[in-house]
$ cat coords16.cif   # mmCIF, C-alpha atoms
data_coords
#
loop_
_atom_site.label_atom_id
_atom_site.label_comp_id
_atom_site.auth_asym_id
_atom_site.auth_seq_id
_atom_site.Cartn_x
_atom_site.Cartn_y
_atom_site.Cartn_z
CA MET T 1 -2.26 133.27 85.71
CA ASN T 2 -4.26 136.31 86.81
CA ARG T 3 -2.86 139.81 86.66
CA PRO T 4 -3.67 142.46 89.24
CA ARG T 5 -6.57 144.71 88.28
CA ILE T 6 -5.85 148.02 90.00
CA LEU T 7 -8.32 150.86 90.43
CA PHE T 8 -6.72 154.31 90.82
CA ALA T 9 -9.19 156.92 92.11
CA ILE T 10 -8.11 160.56 91.68
CA LEU T 11 -9.56 163.58 93.47
CA ASP T 12 -10.79 166.11 90.92
CA TRP T 13 -10.07 169.40 92.69
CA GLY T 14 -7.79 170.73 89.93
CA ILE T 15 -5.19 168.55 88.17
CA GLY T 16 -2.54 168.26 90.89
CA HIS T 17 -3.74 164.91 92.26
CA ALA T 18 -3.84 163.55 88.70
CA THR T 19 -0.34 164.70 87.77
CA ARG T 20 1.33 163.35 90.89
CA THR T 21 -0.34 159.93 90.68
CA THR T 22 0.49 159.43 86.98
CA PRO T 23 3.97 157.90 87.62
CA LEU T 24 2.36 155.15 89.74
CA ILE T 25 -0.31 154.54 87.10
CA GLU T 26 2.28 154.25 84.35
CA ALA T 27 4.51 151.97 86.44
CA ALA T 28 1.62 149.64 87.25
CA ALA T 29 0.61 149.38 83.59
CA ALA T 30 4.21 148.89 82.43
CA SER T 31 4.62 146.00 84.87
CA GLY T 32 1.67 144.10 83.43
CA ALA T 33 -1.23 145.09 85.68
CA GLU T 34 -4.64 145.92 84.24
CA VAL T 35 -5.17 149.53 85.32
CA PHE T 36 -8.43 151.48 85.69
CA VAL T 37 -8.20 155.22 86.38
CA ALA T 38 -11.27 157.03 87.72
CA SER T 39 -11.78 160.77 88.11
CA ARG T 40 -13.99 163.54 86.79
CA GLY T 41 -13.90 167.17 85.67
CA THR T 42 -10.61 168.88 84.89
CA ALA T 43 -8.57 166.04 86.36
CA ALA T 44 -10.32 163.54 84.06
CA ALA T 45 -9.63 165.77 81.04
CA TRP T 46 -5.94 165.96 81.93
CA LEU T 47 -5.74 162.20 82.45
CA ALA T 48 -7.41 161.61 79.07
CA SER T 49 -4.82 163.85 77.43
CA ALA T 50 -1.89 162.18 79.21
CA LEU T 51 -3.01 158.54 79.31
CA GLY T 52 -5.77 158.11 76.75
CA GLY T 53 -5.10 155.22 74.40
CA ARG T 54 -2.31 153.71 76.49
CA PRO T 55 -2.31 149.90 76.43
CA GLY T 56 -3.53 148.37 79.70
CA ILE T 57 -5.11 151.61 80.97
CA THR T 58 -8.88 152.21 81.00
CA LEU T 59 -10.32 155.59 82.00
CA LEU T 60 -13.51 155.75 84.07
CA GLU T 61 -15.71 158.49 85.49
CA LYS T 62 -16.50 158.38 89.17
CA PRO T 63 -18.97 160.35 91.27
CA GLY T 64 -17.86 163.40 93.19
CA THR T 65 -18.87 166.92 94.03
CA PRO T 66 -17.10 170.03 92.75
CA ILE T 67 -16.05 172.57 95.34
CA THR T 68 -16.75 176.14 94.25
CA TYR T 69 -14.86 179.16 95.51
CA ALA T 70 -15.99 182.71 96.04
CA ARG T 71 -14.19 185.86 94.97
CA ARG T 72 -14.19 186.76 98.66
CA GLY T 73 -15.15 184.72 101.71
CA THR T 74 -13.91 181.47 100.21
CA LEU T 75 -13.54 179.70 103.55
CA LEU T 76 -17.21 180.35 104.41
CA ARG T 77 -18.25 179.16 100.93
CA ILE T 78 -16.33 175.89 101.42
CA ALA T 79 -17.89 175.35 104.85
CA THR T 80 -21.41 175.59 103.38
CA GLN T 81 -20.52 172.83 100.89
CA MET T 82 -19.27 170.34 103.47
CA PRO T 83 -22.60 168.46 103.82
CA ARG T 84 -22.58 167.80 100.07
CA PHE T 85 -18.93 166.72 100.23
CA LEU T 86 -19.68 164.25 103.02
CA ALA T 87 -22.61 162.84 101.03
CA SER T 88 -20.29 162.38 98.04
CA ILE T 89 -18.05 160.10 100.13
CA ALA T 90 -21.00 157.74 100.55
CA GLU T 91 -21.67 157.93 96.81
CA GLU T 92 -18.03 157.09 96.11
CA SER T 93 -18.24 154.10 98.44
CA ALA T 94 -21.31 152.67 96.67
CA TRP T 95 -19.73 153.29 93.26
CA ALA T 96 -16.45 151.65 94.32
CA ALA T 97 -18.25 148.50 95.52
CA THR T 98 -20.18 148.17 92.25
CA THR T 99 -17.14 148.93 90.10
CA ALA T 100 -14.90 146.50 91.97
CA ARG T 101 -17.45 143.72 91.61
CA THR T 102 -18.08 144.44 87.90
CA LEU T 103 -14.44 144.78 86.87
CA GLY T 104 -12.90 142.24 89.22
CA ILE T 105 -10.72 144.82 90.95
CA THR T 106 -7.97 143.29 93.10
CA HIS T 107 -6.32 146.48 94.48
CA ILE T 108 -7.31 150.10 95.05
CA VAL T 109 -5.06 153.17 95.16
CA SER T 110 -7.04 156.26 96.21
CA ASP T 111 -5.56 159.75 95.96
CA ASN T 112 -7.60 161.65 98.55
CA CYS T 113 -10.87 159.92 97.62
CA TYR T 114 -11.99 158.80 101.07
CA GLY T 115 -14.95 156.80 99.79
CA VAL T 116 -13.08 154.68 97.23
CA ARG T 117 -12.23 151.58 99.24
CA VAL T 118 -13.97 148.22 99.45
CA PRO T 119 -13.91 145.77 102.39
CA GLY T 120 -11.76 142.77 101.55
CA ILE T 121 -9.80 144.49 98.75
CA PRO T 122 -6.30 145.78 99.60
CA SER T 123 -6.56 149.59 99.49
CA VAL T 124 -4.17 152.46 100.15
CA LEU T 125 -4.83 156.17 100.59
CA ILE T 126 -2.41 158.74 99.10
CA SER T 127 -2.50 162.04 100.98
CA HIS T 128 -0.20 164.77 102.27
CA GLN T 129 -2.97 166.29 104.42
CA LEU T 130 -3.14 164.08 107.46
CA HIS T 131 -3.91 167.11 109.63
CA LEU T 132 -6.37 169.56 108.08
CA PRO T 133 -5.46 173.26 108.41
CA VAL T 134 -8.50 174.51 110.32
CA PRO T 135 -8.94 176.98 113.19
CA ALA T 136 -7.82 175.65 116.56
CA PRO T 137 -11.33 174.96 117.96
CA LEU T 138 -12.08 172.69 114.98
CA ARG T 139 -8.85 170.70 115.04
CA PRO T 140 -10.05 167.81 117.23
CA ALA T 141 -13.06 167.23 114.96
CA ALA T 142 -10.92 167.54 111.83
CA ARG T 143 -8.37 165.09 113.21
CA ALA T 144 -11.11 162.61 114.08
CA PHE T 145 -12.57 162.96 110.57
CA VAL T 146 -9.26 162.15 108.85
CA GLN T 147 -8.45 159.30 111.22
CA ARG T 148 -11.91 157.76 110.83
CA HIS T 149 -11.54 157.59 107.05
CA ALA T 150 -7.81 156.79 106.92
CA ARG T 151 -8.22 153.77 109.21
CA ARG T 152 -10.41 152.13 106.57
CA PHE T 153 -7.36 151.81 104.32
CA ALA T 154 -4.60 149.28 104.97
CA GLU T 155 -1.90 151.93 104.44
CA VAL T 156 -1.58 155.68 104.05
CA TRP T 157 1.11 156.86 101.62
CA VAL T 158 2.50 160.37 101.99
CA PRO T 159 4.31 161.67 98.85
CA ASP T 160 7.06 163.32 100.87
CA LEU T 161 10.17 162.65 102.94
CA PRO T 162 10.15 162.77 106.75
CA GLY T 163 10.92 166.20 108.18
CA PRO T 164 11.38 167.78 111.62
CA SER T 165 7.69 168.65 112.08
CA GLY T 166 6.04 166.11 109.77
CA GLY T 167 6.98 166.11 106.09
CA LEU T 168 10.08 167.77 104.65
CA LEU T 169 8.01 169.50 101.95
CA SER T 170 4.53 169.41 103.49
CA GLY T 171 5.48 170.37 107.05
CA PRO T 172 3.01 169.75 109.89
CA LEU T 173 0.23 168.82 107.45
CA ALA T 174 1.85 165.40 107.06
CA ALA T 175 2.68 164.58 110.67
CA PRO T 176 1.96 160.82 110.77
CA LEU T 177 -1.32 159.58 112.09
CA THR T 178 -1.29 157.17 114.99
CA THR T 179 -2.04 153.63 113.90
CA HIS T 180 -5.53 152.29 114.35
CA PRO T 181 -7.07 148.84 114.21
CA HIS T 182 -8.24 148.20 110.67
CA PRO T 183 -11.90 147.11 110.53
CA HIS T 184 -11.55 145.00 107.38
CA PRO T 185 -8.74 142.42 107.36
CA GLN T 186 -6.88 142.20 104.07
CA THR T 187 -3.56 140.46 104.44
CA GLN T 188 -3.39 140.14 108.21
CA SER T 189 -5.69 138.95 110.91
CA GLN T 190 -8.04 141.56 112.29
CA SER T 191 -6.19 141.70 115.59
CA GLN T 192 -2.90 142.46 113.81
CA SER T 193 -4.21 144.69 111.02
CA GLN T 194 -3.43 148.40 111.25
CA SER T 195 -3.60 151.50 109.08
CA GLN T 196 0.04 152.51 108.73
CA THR T 197 1.55 155.76 107.46
CA HIS T 198 4.50 155.53 105.07
CA PHE T 199 6.52 158.34 103.54
CA ILE T 200 7.00 157.19 99.94
CA ALA T 201 9.09 160.22 98.80
CA PRO T 202 7.87 162.85 96.33
CA LEU T 203 5.88 162.12 93.19
CA SER T 204 6.09 164.20 90.02
CA HIS T 205 5.05 163.69 86.41
CA LEU T 206 7.92 165.88 85.18
CA PRO T 207 11.03 164.28 83.71
CA ALA T 208 13.90 164.40 86.19
CA PRO T 209 16.77 166.73 85.24
CA PRO T 210 20.23 165.23 84.56
CA SER T 211 21.44 166.34 87.97
CA LEU T 212 20.10 168.01 91.07
CA ALA T 213 22.57 170.88 90.93
CA PRO T 214 21.18 174.30 91.90
CA HIS T 215 19.30 176.02 89.09
CA THR T 216 21.47 178.06 86.74
CA PRO T 217 19.69 179.24 83.58
CA THR T 218 21.66 178.44 80.45
CA PRO T 219 20.55 180.05 77.20
CA THR T 220 21.92 177.14 75.17
CA HIS T 221 19.68 174.48 76.72
CA THR T 222 17.10 172.98 74.34
CA PRO T 223 13.80 171.51 75.47
CA PRO T 224 13.44 167.75 75.20
CA SER T 225 11.32 166.37 72.39
CA PRO T 226 7.72 165.69 73.42
CA PRO T 227 6.43 162.12 73.53
CA ARG T 228 4.54 160.18 70.87
CA GLY T 229 6.95 161.19 68.10
CA GLU T 230 5.91 164.82 67.88
CA ALA T 231 8.48 167.48 67.13
CA ALA T 232 8.97 170.08 69.83
CA PRO T 233 7.97 173.52 68.48
CA HIS T 234 10.66 176.15 68.43
CA PRO T 235 9.82 179.04 70.79
CA SER T 236 9.80 181.49 67.88
CA SER T 237 6.98 179.50 66.28
CA LEU T 238 5.02 179.76 69.52
CA ARG T 239 5.01 183.54 69.10
CA GLY T 240 3.73 183.35 65.51
CA GLU T 241 7.18 183.67 63.88
CA ALA T 242 8.66 181.35 61.28
CA ALA T 243 10.66 178.60 62.94
CA PRO T 244 14.30 178.18 61.83
CA HIS T 245 15.48 175.10 59.94
CA PRO T 246 15.46 172.08 62.28
CA SER T 247 18.69 170.63 63.60
CA PRO T 248 19.61 166.96 62.91
CA PRO T 249 17.70 164.26 64.83
CA ARG T 250 19.01 163.48 68.28
CA GLY T 251 21.70 160.82 68.16
CA GLU T 252 22.84 161.72 64.61
CA ALA T 253 25.89 163.79 63.88
CA ALA T 254 25.48 167.09 62.14
CA PRO T 255 26.82 167.11 58.57
CA GLN T 256 30.44 168.20 58.35
CA SER T 257 31.07 171.63 56.87
CA GLN T 258 32.39 171.62 53.30
CA PRO T 259 33.94 174.49 51.38
CA GLN T 260 31.20 176.34 49.51
CA SER T 261 30.95 179.07 47.01
CA GLN T 262 29.26 182.29 48.09
CA SER T 263 26.12 181.42 46.11
CA GLN T 264 26.00 177.95 47.71
CA SER T 265 26.36 179.33 51.22
CA GLN T 266 23.53 181.77 50.59
CA SER T 267 21.23 178.96 49.45
CA GLN T 268 22.02 176.63 52.36
CA PRO T 269 19.87 176.86 55.52
CA GLN T 270 21.56 178.58 58.41
CA PRO T 271 22.21 176.75 61.72
CA GLN T 272 19.24 176.74 64.07
CA PRO T 273 19.55 179.23 66.94
CA GLN T 274 19.02 177.77 70.36
CA PRO T 275 15.60 178.22 71.99
CA GLN T 276 15.35 181.19 74.28
CA PRO T 277 14.56 180.37 77.90
CA PRO T 278 11.58 182.22 79.39
CA LEU T 279 12.44 185.45 81.13
CA TYR T 280 9.23 185.13 83.18
CA LEU T 281 7.13 182.00 83.72
CA GLY T 282 3.72 181.97 85.38
CA LEU T 283 1.94 178.74 86.28
CA VAL T 284 -1.84 179.03 86.57
CA SER T 285 -3.70 176.49 88.68
CA GLY T 286 -6.56 176.09 91.11
CA PRO T 287 -10.35 176.38 91.03
CA GLU T 288 -12.46 179.16 89.57
CA PRO T 289 -12.81 182.06 89.89
CA HIS T 290 -9.26 182.33 91.22
CA ARG T 291 -7.70 180.42 88.31
CA THR T 292 -8.91 182.96 85.73
CA ARG T 293 -8.05 185.90 87.99
CA MET T 294 -4.50 184.61 88.31
CA GLU T 295 -4.17 184.10 84.56
CA HIS T 296 -5.24 187.68 83.87
CA ALA T 297 -3.01 189.06 86.62
CA LEU T 298 0.06 187.20 85.34
CA ARG T 299 -0.46 188.52 81.80
CA ALA T 300 -0.90 192.09 83.00
CA TRP T 301 2.23 191.89 85.19
CA MET T 302 4.38 190.28 82.48
CA GLU T 303 3.29 192.80 79.86
CA THR T 304 4.87 195.67 81.80
CA ALA T 305 7.67 193.81 83.64
CA PRO T 306 11.19 194.95 82.72
CA GLY T 307 13.12 193.12 80.02
CA PRO T 308 13.60 193.01 76.26
CA ASP T 309 10.48 193.13 74.10
CA ASP T 310 11.45 189.88 72.35
CA ALA T 311 12.05 187.95 75.59
CA LEU T 312 9.78 184.94 76.15
CA ARG T 313 7.18 185.86 78.76
CA LEU T 314 5.29 182.62 79.24
CA VAL T 315 2.02 181.78 81.00
CA ILE T 316 1.13 178.09 81.36
CA ALA T 317 -2.61 178.15 81.87
CA GLY T 318 -3.30 174.51 82.76
CA LYS T 319 -6.40 174.01 80.57
CA PRO T 320 -6.26 170.76 78.57
CA GLY T 321 -6.88 171.24 74.87
CA GLY T 322 -6.46 175.02 74.81
CA GLY T 323 -3.52 175.21 72.41
CA ARG T 324 -1.15 178.20 72.30
CA THR T 325 -1.79 181.91 71.93
CA GLN T 326 0.15 185.17 71.72
CA ALA T 327 -1.25 188.47 73.05
CA GLY T 328 1.04 191.49 73.20
CA ARG T 329 4.34 190.42 74.70
CA VAL T 330 2.91 187.39 76.51
CA THR T 331 2.80 183.83 75.18
CA THR T 332 0.32 181.33 76.65
CA TRP T 333 0.63 177.54 76.56
CA TYR T 334 -2.62 175.97 77.69
CA ASP T 335 -1.66 172.30 77.69
CA PRO T 336 2.11 171.70 77.31
CA THR T 337 3.67 168.27 77.44
CA SER T 338 5.49 167.24 80.61
CA GLU T 339 8.79 167.69 78.76
CA GLU T 340 7.92 171.22 77.70
CA LEU T 341 6.80 172.14 81.21
CA ALA T 342 9.98 170.70 82.73
CA TRP T 343 12.12 172.68 80.27
CA ALA T 344 10.28 175.93 80.97
CA LEU T 345 10.52 175.48 84.74
CA ALA T 346 14.20 174.54 84.64
CA GLU T 347 15.23 177.45 82.40
CA ALA T 348 12.96 180.37 83.39
CA GLY T 349 14.47 183.42 85.02
CA THR T 350 11.55 184.08 87.40
CA VAL T 351 8.77 181.61 88.22
CA VAL T 352 5.47 182.68 89.80
CA CYS T 353 3.02 179.98 90.86
CA ARG T 354 0.50 178.81 93.44
CA SER T 355 1.67 176.98 96.54
CA GLY T 356 -0.39 173.88 95.77
CA TYR T 357 1.40 170.75 96.92
CA SER T 358 1.78 169.13 93.50
CA THR T 359 3.33 172.32 92.13
CA LEU T 360 5.74 172.38 95.07
CA LEU T 361 6.70 168.77 94.34
CA ASP T 362 7.60 169.76 90.78
CA LEU T 363 9.71 172.68 92.03
CA ALA T 364 11.56 170.40 94.45
CA VAL T 365 12.29 167.78 91.78
CA LEU T 366 13.75 170.44 89.46
CA GLY T 367 15.54 172.32 92.25
CA ARG T 368 13.79 175.60 91.39
CA THR T 369 12.99 178.72 93.33
CA ALA T 370 9.69 180.50 92.74
CA VAL T 371 7.49 183.27 94.05
CA LEU T 372 4.58 181.52 95.77
CA VAL T 373 1.05 182.97 95.56
CA PRO T 374 -1.42 181.00 97.76
CA THR T 375 -4.98 180.66 96.48
CA PRO T 376 -7.16 183.02 98.55
CA GLY T 377 -9.16 181.23 101.21
CA GLN T 378 -7.20 177.96 100.94
CA PRO T 379 -5.57 177.43 104.35
CA GLU T 380 -3.58 174.47 103.04
CA GLN T 381 -1.80 176.62 100.44
CA GLU T 382 -1.30 179.41 102.95
CA ASP T 383 0.31 176.95 105.40
CA LEU T 384 2.50 175.45 102.68
CA ALA T 385 3.66 178.89 101.53
CA ARG T 386 4.59 179.81 105.11
CA HIS T 387 6.39 176.47 105.54
CA TRP T 388 8.45 176.95 102.37
CA ALA T 389 9.23 180.56 103.33
CA ARG T 390 10.52 179.42 106.75
CA ALA T 391 12.23 176.19 105.70
CA PHE T 392 13.64 177.21 102.30
CA GLY T 393 13.50 181.01 102.22
CA PHE T 394 11.03 181.26 99.33
CA ALA T 395 9.44 184.60 98.47
CA THR T 396 5.66 184.85 98.72
CA CYS T 397 3.00 187.38 97.83
CA THR T 398 -0.79 187.58 97.94
CA SER T 399 -3.13 187.42 94.98
CA THR T 400 -3.88 191.11 95.55
CA ASP T 401 -0.16 191.88 95.32
CA LEU T 402 0.03 189.98 92.02
CA GLU T 403 -3.01 191.80 90.61
CA ARG T 404 -1.36 195.12 91.50
CA GLY T 405 1.95 194.09 89.92
CA ARG T 406 3.82 193.96 93.24
CA VAL T 407 5.74 190.74 92.66
CA PRO T 408 8.95 190.20 94.68
CA GLY T 409 12.04 188.66 93.17
CA PRO T 410 12.64 184.94 93.66
CA ALA T 411 14.64 183.97 96.73
CA GLY T 412 15.66 180.99 98.80
CA ASN T 413 17.41 177.66 98.49
CA PRO T 414 15.13 175.05 96.94
CA PRO T 415 15.11 171.54 98.36
CA HIS T 416 16.76 168.96 96.09
CA VAL T 417 14.84 165.68 95.98
CA ARG T 418 14.37 162.77 93.62
CA ALA T 419 10.91 161.64 92.69
CA ASN T 420 9.01 158.44 91.91
CA ASP T 421 11.59 155.68 92.40
CA ASP T 422 10.81 155.06 96.09
CA ALA T 423 7.06 155.37 95.52
CA ILE T 424 7.11 152.89 92.63
CA ALA T 425 9.17 150.47 94.73
CA ARG T 426 6.58 150.79 97.52
CA LEU T 427 3.77 150.08 95.05
CA GLU T 428 5.53 147.00 93.71
CA ALA T 429 6.25 145.67 97.21
CA TRP T 430 2.66 146.25 98.32
CA LEU T 431 1.25 144.49 95.27
CA ALA T 432 3.59 141.55 95.72
CA ALA T 433 2.67 141.24 99.41
CA THR T 434 -1.09 141.37 98.80
CA LEU T 435 -1.42 139.20 95.69
CA HIS T 436 -3.05 135.80 96.07
CA PRO T 437 -0.33 133.12 96.02
CA GLU T 438 -1.74 131.71 92.76
CA SER T 439 -1.46 135.09 91.03
CA ALA T 440 1.60 136.55 89.39
CA TRP T 441 1.89 140.26 88.64
CA ASN T 442 4.25 139.95 85.70
CA SER T 443 2.66 136.91 84.09
#
$ encode --input "coords16.cif" --output "structure tokens"
Amino acid sequence: MNRPRILFAILDWGIGHATRTTPLIEAAAASGAEVFVASRGTAAAWLASALGGRPGITLLEKPGTPITYARRGTLLRIATQMPRFLASIAEESAWAATTARTLGITHIVSDNCYGVRVPGIPSVLISHQLHLPVPAPLRPAARAFVQRHARRFAEVWVPDLPGPSGGLLSGPLAAPLTTHPHPHPQTQSQSQSQSQTHFIAPLSHLPAPPSLAPHTPTPTHTPPSPPRGEAAPHPSSLRGEAAPHPSPPRGEAAPQSQPQSQSQSQSQPQPQPQPQPPLYLGLVSGPEPHRTRMEHALRAWMETAPGPDDALRLVIAGKPGGGRTQAGRVTTWYDPTSEELAWALAEAGTVVCRSGYSTLLDLAVLGRTAVLVPTPGQPEQEDLARHWARAFGFATCTSTDLERGRVPGPAGNPPHVRANDDAIARLEAWLAATLHPESAWNS
């Protein structure tokens, strides 16, 4: 019997859309579907690092247009690029039709790629921005734009939980759209078909912590081992120091102590000290030139921030394939595993990061506070930072504040949520409901 052949299309404005969609991609492949993942740019590089070589997953490149940002006047720069962005939606649509016909695609999951949908193929749109953050005079046009494109999908999936004003984590940005007649019937008659909005709960590529208790740093916590059989590096080795003798493999008991002579005890390796949690952790994300400016600002701030000289001051730069470096008192991880990132976030004393939605999802899953620094000229991040300051008491600062070293202490009560399970269940139910009766997903 035929298996579903699912096309996942990922917006390439940074890596956030790629990271949050990965749990759905992995679940679909694990359940027996043939999965095709399409993106470009930095998102495609991250997906290749995370998913390359996985059985049942094929990586593709799709058309798209990069959005460039200015050092100042970013909003005006974005506005001048809108005609090219609108043209790219038409390019996506033509590419999707050709790709679906060539590969025999049966389902489409599009993370904010408005053009990747094909009449007659069940398609869903993943988005937390159902209402674009634009000046008041432009809101009717912006609302009409989103509704016009969203109605072409059978369903709209919001990676959030319902909240008082829209989404619990995304606020008014995710206030549900009204339903609209769907122009291309998929599983219902045209008179019954509608584009429906569903909150599918948060998505995150980070491993869930053992519990959702409030964050309490514990210096004895060790980071999980990374995937694919690689040994997790000890933090001392990440700073160019010799790593201590490794502890026994997980699941095996440590050898029992035996009486030793003094010479024997001197020749035996000493117990491995526990990894030191980061005193400061900075997460770099977003488009250029603001990504590089943030990276430099975080290093400069951490270099002079109070604390012991040997404390781990860690910048995660979010550049696939960059390795690890040490400069002064600051360590940089360019492309950590999900396990390493989850450990650093869970154990750091102070976290400083952008207020991009995928980053906020990761904070919510781990129950972490952070100082939020919106990307200049990105109204979405500015709105999200204000929402998290009001709803959860988070501290915020501007990029200028960060560059001048004026970083407030972390504050607030982070939301505690679980990720992925509800979204995966929604995906499975949707696939089961839209498969041809003669097909079987798990065959």
$ residues_around --input "coords16.cif" --residues "Ser93 of chain T" --least-positions-apart "4" --cutoff "7 Å" --atoms "all atoms listed in the file" --output "list in words"
Ile89, Ala97, Gly115, Val116 and Arg117 of chain T
$ write_last_selection --input "coords16.cif" --atoms "C-alpha atoms" --output "PDB file, keeping the file's coordinate frame"
ATOM      1  CA  ILE T  89     -18.050 160.100 100.130  1.00  0.00           C
ATOM      2  CA  ALA T  97     -18.250 148.500  95.520  1.00  0.00           C
ATOM      3  CA  GLY T 115     -14.950 156.800  99.790  1.00  0.00           C
ATOM      4  CA  VAL T 116     -13.080 154.680  97.230  1.00  0.00           C
ATOM      5  CA  ARG T 117     -12.230 151.580  99.240  1.00  0.00           C
TER       6      ARG T 117
END
$ resolve_selection --input "coords16.cif" --expression "the PyMOL selection byres ((chain T and resi 14-17) around 8)" --output "mmCIF file with C-alpha atoms, in the coordinates of the input"
data_model
loop_
_atom_site.group_PDB
_atom_site.id
_atom_site.type_symbol
_atom_site.label_atom_id
_atom_site.label_comp_id
_atom_site.auth_asym_id
_atom_site.auth_seq_id
_atom_site.Cartn_x
_atom_site.Cartn_y
_atom_site.Cartn_z
ATOM 1 C CA ILE T 10 -8.110 160.560 91.680
ATOM 2 C CA LEU T 11 -9.560 163.580 93.470
ATOM 3 C CA ASP T 12 -10.790 166.110 90.920
ATOM 4 C CA TRP T 13 -10.070 169.400 92.690
ATOM 5 C CA ALA T 18 -3.840 163.550 88.700
ATOM 6 C CA THR T 19 -0.340 164.700 87.770
ATOM 7 C CA ARG T 20 1.330 163.350 90.890
ATOM 8 C CA THR T 21 -0.340 159.930 90.680
ATOM 9 C CA THR T 42 -10.610 168.880 84.890
ATOM 10 C CA ALA T 43 -8.570 166.040 86.360
ATOM 11 C CA TRP T 46 -5.940 165.960 81.930
ATOM 12 C CA ASP T 111 -5.560 159.750 95.960
ATOM 13 C CA SER T 285 -3.700 176.490 88.680
ATOM 14 C CA GLY T 286 -6.560 176.090 91.110
ATOM 15 C CA PRO T 287 -10.350 176.380 91.030
ATOM 16 C CA GLY T 356 -0.390 173.880 95.770
ATOM 17 C CA TYR T 357 1.400 170.750 96.920
ATOM 18 C CA SER T 358 1.780 169.130 93.500
ATOM 19 C CA THR T 359 3.330 172.320 92.130
#
$ resolve_selection --input "coords16.cif" --expression "the PyMOL selection byres ((chain T and resi 168-172) around 8)" --output "list in words"
His128, His131, Asp160, Leu161, Pro162, Gly163, Pro164, Ser165, Gly166, Gly167, Leu173, Ala174, Ala175, Tyr357, Leu360, Leu361, Leu384, His387 and Trp388 of chain T
$ resolve_selection --input "coords16.cif" --expression "the PyMOL selection byres ((chain T and resi 350) around 9)" --output "PyMOL selection string"
chain T and resi 278-282+348-349+351-352+369-371+409-410
$ atom_distance --input "coords16.cif" --atom1 "atom CA of Ala305 of chain T" --atom2 "atom CA of His290 of chain T"
21.8 Å
$ closest_residue --input "coords16.cif" --among "T:Glu34, T:Asp309, T:Glu61, T:Glu380" --to "His107 of chain T" --atoms "only C-alpha atoms"
T:Glu34
$ residues_near_point --input "coords16.cif" --point "(1.3, 146.3, 98.5)" --cutoff "10 Å" --atoms "only C-alpha atoms" --output "ChimeraX atom specification"
/T:107,109,122-124,154-155,187,425-435
$ closest_residue --input "coords16.cif" --among "T:Lys62, T:His149, T:His205, T:Arg324" --to "Thr99 of chain T" --atoms "all atoms listed in the file"
T:Lys62
$ closest_residue --input "coords16.cif" --among "T:Ile424, T:Ala297, T:Leu51, T:Gly32" --to "Asp401 of chain T" --atoms "all atoms listed in the file"
T:Ala297
$ axis_aligned_box --input "coords16.cif" --around "segment 96-112 of chain T" --padding-each-side "8 Å" --output "JSON"
{"center_x": -12.6, "center_y": 151.9, "center_z": 92.7, "size_x": 31.1, "size_y": 35.4, "size_z": 27.7}
$ residues_around --input "coords16.cif" --residues "Leu177 of chain T" --least-positions-apart "5" --cutoff "8 Å" --atoms "only C-alpha atoms" --output "list in words"
Leu130, Gln147, Gln196 and Thr197 of chain T
